[in-house]
Amino acid sequence: MFGDLAGDLYGAPDDVRPPLLLLHGLTFDRRHWGPFLAELPAGRRVLAVDLPGHGGSPASTSYAPDTVAAAVHRAVTAARLDSPVVVGHSVGGLLATVYAAGHPVRGVVNVDQPLLPGPFGELLRQNEELLRGPDYLRLWERLTAGMGIDSLPPAARDLVRTVTTPRQDLFLGYWHDLLSKSADEIRARRERDLTALREQGVSYRHVSASELPEPYRAWLHSCLPDAVFSVVPAASHFPHLSHPRELADLVA
């Protein structure tokens, strides 16, 4: 355990390459980084943690972004990582952004996670009654059906389908802001986060499986002019599983 979180620490500190901190997506755990880790240069210092309520990490009374970021920081402190590059997939990309706004980091790599609610937030709000009811998994099944899981290599496909804990408390906790706050409130908070990154000189790379809409790119650049957009062409929501080498090259 590192602080409150289960995790794996790899490699050794060096004076050339900053350490990496890996944050997985909702319902998954640190095992999802296996293919990506296999493509990193030997010896790279890496901490992969299970987010609160996932894998080997205990449940929390709150899954608010700031609360999760605080738990992640305790893990980083316990592992003695110095200003890591934070790599986050899906909701982990949002958490990486929030974490970096409040704690020392060298950079952020956001893997396929828009920072604004957009159509996804509207979908959740339209289905809030279902999400809070006994048949909540119907919504999760609908969402995963659109993630391109069948396009993944067989081992990665099995990883996505088996290394997952789609619990209702996780959905309601990690999506609380999307369900309870307006799009304008969330936009304002993300703008504060990105402004903090700009003021601290933190590098930011937004990796997506396809080109992001121009209005979104323009918004992010208005907050963080030096942000870099990279496309890893993939048919799924999991570029780190379908194209681990390409993502490792971007991070390295």
# chains A, B, ... in the order shown; residues from 1 in each chain; ligands from 1

$ closest_atom_pairs --of "range 163-225 of chain A" --to "range 71-91 of chain A" --cutoff "10 Å" --atoms "only C-alpha atoms" --output "Markdown table"
| residue | atom | partner | partner_atom | distance |
| --- | --- | --- | --- | --- |
| A:Tyr174 | CA | A:Val91 | CA | 8.1 |
| A:Trp175 | CA | A:Val91 | CA | 9.2 |
| A:Val202 | CA | A:Val85 | CA | 9.4 |
| A:Ser203 | CA | A:Val85 | CA | 9.0 |
| A:Tyr204 | CA | A:Val85 | CA | 9.6 |
| A:Arg205 | CA | A:Val87 | CA | 9.4 |
| A:Val207 | CA | A:His89 | CA | 9.4 |

$ write_last_selection --atoms "N, CA, C and O atoms" --output "PDB file, in the first residue's frame"
ATOM      1  N   TYR A 174     -18.054   8.933  -8.566  1.00  0.00           N
ATOM      2  CA  TYR A 174     -17.124   9.561  -9.515  1.00  0.00           C
ATOM      3  C   TYR A 174     -17.853  10.454 -10.519  1.00  0.00           C
ATOM      4  O   TYR A 174     -17.242  11.365 -11.092  1.00  0.00           O
ATOM      5  N   TRP A 175     -19.145  10.209 -10.741  1.00  0.00           N
ATOM      6  CA  TRP A 175     -19.924  11.047 -11.661  1.00  0.00           C
ATOM      7  C   TRP A 175     -20.801  12.053 -10.914  1.00  0.00           C
ATOM      8  O   TRP A 175     -21.689  12.665 -11.509  1.00  0.00           O
ATOM      9  N   VAL A 202       3.276  23.710 -16.294  1.00  0.00           N
ATOM     10  CA  VAL A 202       3.135  22.263 -16.447  1.00  0.00           C
ATOM     11  C   VAL A 202       2.788  21.929 -17.893  1.00  0.00           C
ATOM     12  O   VAL A 202       1.861  22.511 -18.465  1.00  0.00           O
ATOM     13  N   SER A 203       3.506  21.001 -18.489  1.00  0.00           N
ATOM     14  CA  SER A 203       3.188  20.571 -19.847  1.00  0.00           C
ATOM     15  C   SER A 203       1.930  19.719 -19.835  1.00  0.00           C
ATOM     16  O   SER A 203       1.661  19.002 -18.866  1.00  0.00           O
ATOM     17  N   TYR A 204       1.166  19.796 -20.926  1.00  0.00           N
ATOM     18  CA  TYR A 204      -0.113  19.081 -20.984  1.00  0.00           C
ATOM     19  C   TYR A 204      -0.285  18.503 -22.376  1.00  0.00           C
ATOM     20  O   TYR A 204      -0.241  19.217 -23.376  1.00  0.00           O
ATOM     21  N   ARG A 205      -0.487  17.186 -22.424  1.00  0.00           N
ATOM     22  CA  ARG A 205      -0.746  16.506 -23.690  1.00  0.00           C
ATOM     23  C   ARG A 205      -2.093  15.801 -23.610  1.00  0.00           C
ATOM     24  O   ARG A 205      -2.331  15.009 -22.711  1.00  0.00           O
ATOM     25  N   VAL A 207      -4.315  13.208 -25.379  1.00  0.00           N
ATOM     26  CA  VAL A 207      -4.268  12.122 -26.356  1.00  0.00           C
ATOM     27  C   VAL A 207      -5.690  11.611 -26.593  1.00  0.00           C
ATOM     28  O   VAL A 207      -6.412  11.330 -25.636  1.00  0.00           O
TER      29      VAL A 207
END

$ closest_residue --among "A:Leu47, A:Pro58, A:Ala234, A:Thr97" --to "Gly148 in chain A" --atoms "only C-alpha atoms"
A:Ala234

$ select_by_dssp --residues "range 176-227 of chain A" --states "strand (DSSP E)" --output "PyMOL selection string"
chain A and resi 203-208

$ atom_distance --atom1 "CA of His24 in chain A" --atom2 "CA of Pro154 in chain A"
19.7 Å

$ closest_residue --among "A:Leu220, A:Ala64, A:Ala38, A:Ala101" --to "Leu170 in chain A" --atoms "only C-alpha atoms"
A:Ala64

$ closest_residue --among "A:Leu20, A:Val251, A:Val228, A:Leu116" --to "Ser182 in chain A" --atoms "only C-alpha atoms"
A:Leu116

$ closest_residue --among "A:Glu39, A:Glu199, A:Arg45, A:Ala59" --to "Leu5 in chain A" --atoms "only C-alpha atoms"
A:Ala59

$ closest_residue --among "A:Pro244, A:Gly107, A:Gly3, A:Gly43" --to "Ser57 in chain A" --atoms "only C-alpha atoms"
A:Gly3

$ closest_atom_pairs --of "range 37-146 of chain A" --to "range 157-167 of chain A" --cutoff "9 Å" --atoms "only C-alpha atoms" --output "JSON lines"
{"residue": "A:His54", "atom": "CA", "partner": "A:Thr165", "partner_atom": "CA", "distance": 7.2}
{"residue": "A:Gly55", "atom": "CA", "partner": "A:Thr165", "partner_atom": "CA", "distance": 8.0}
{"residue": "A:Leu137", "atom": "CA", "partner": "A:Pro166", "partner_atom": "CA", "distance": 7.6}
{"residue": "A:Trp140", "atom": "CA", "partner": "A:Pro166", "partner_atom": "CA", "distance": 7.7}
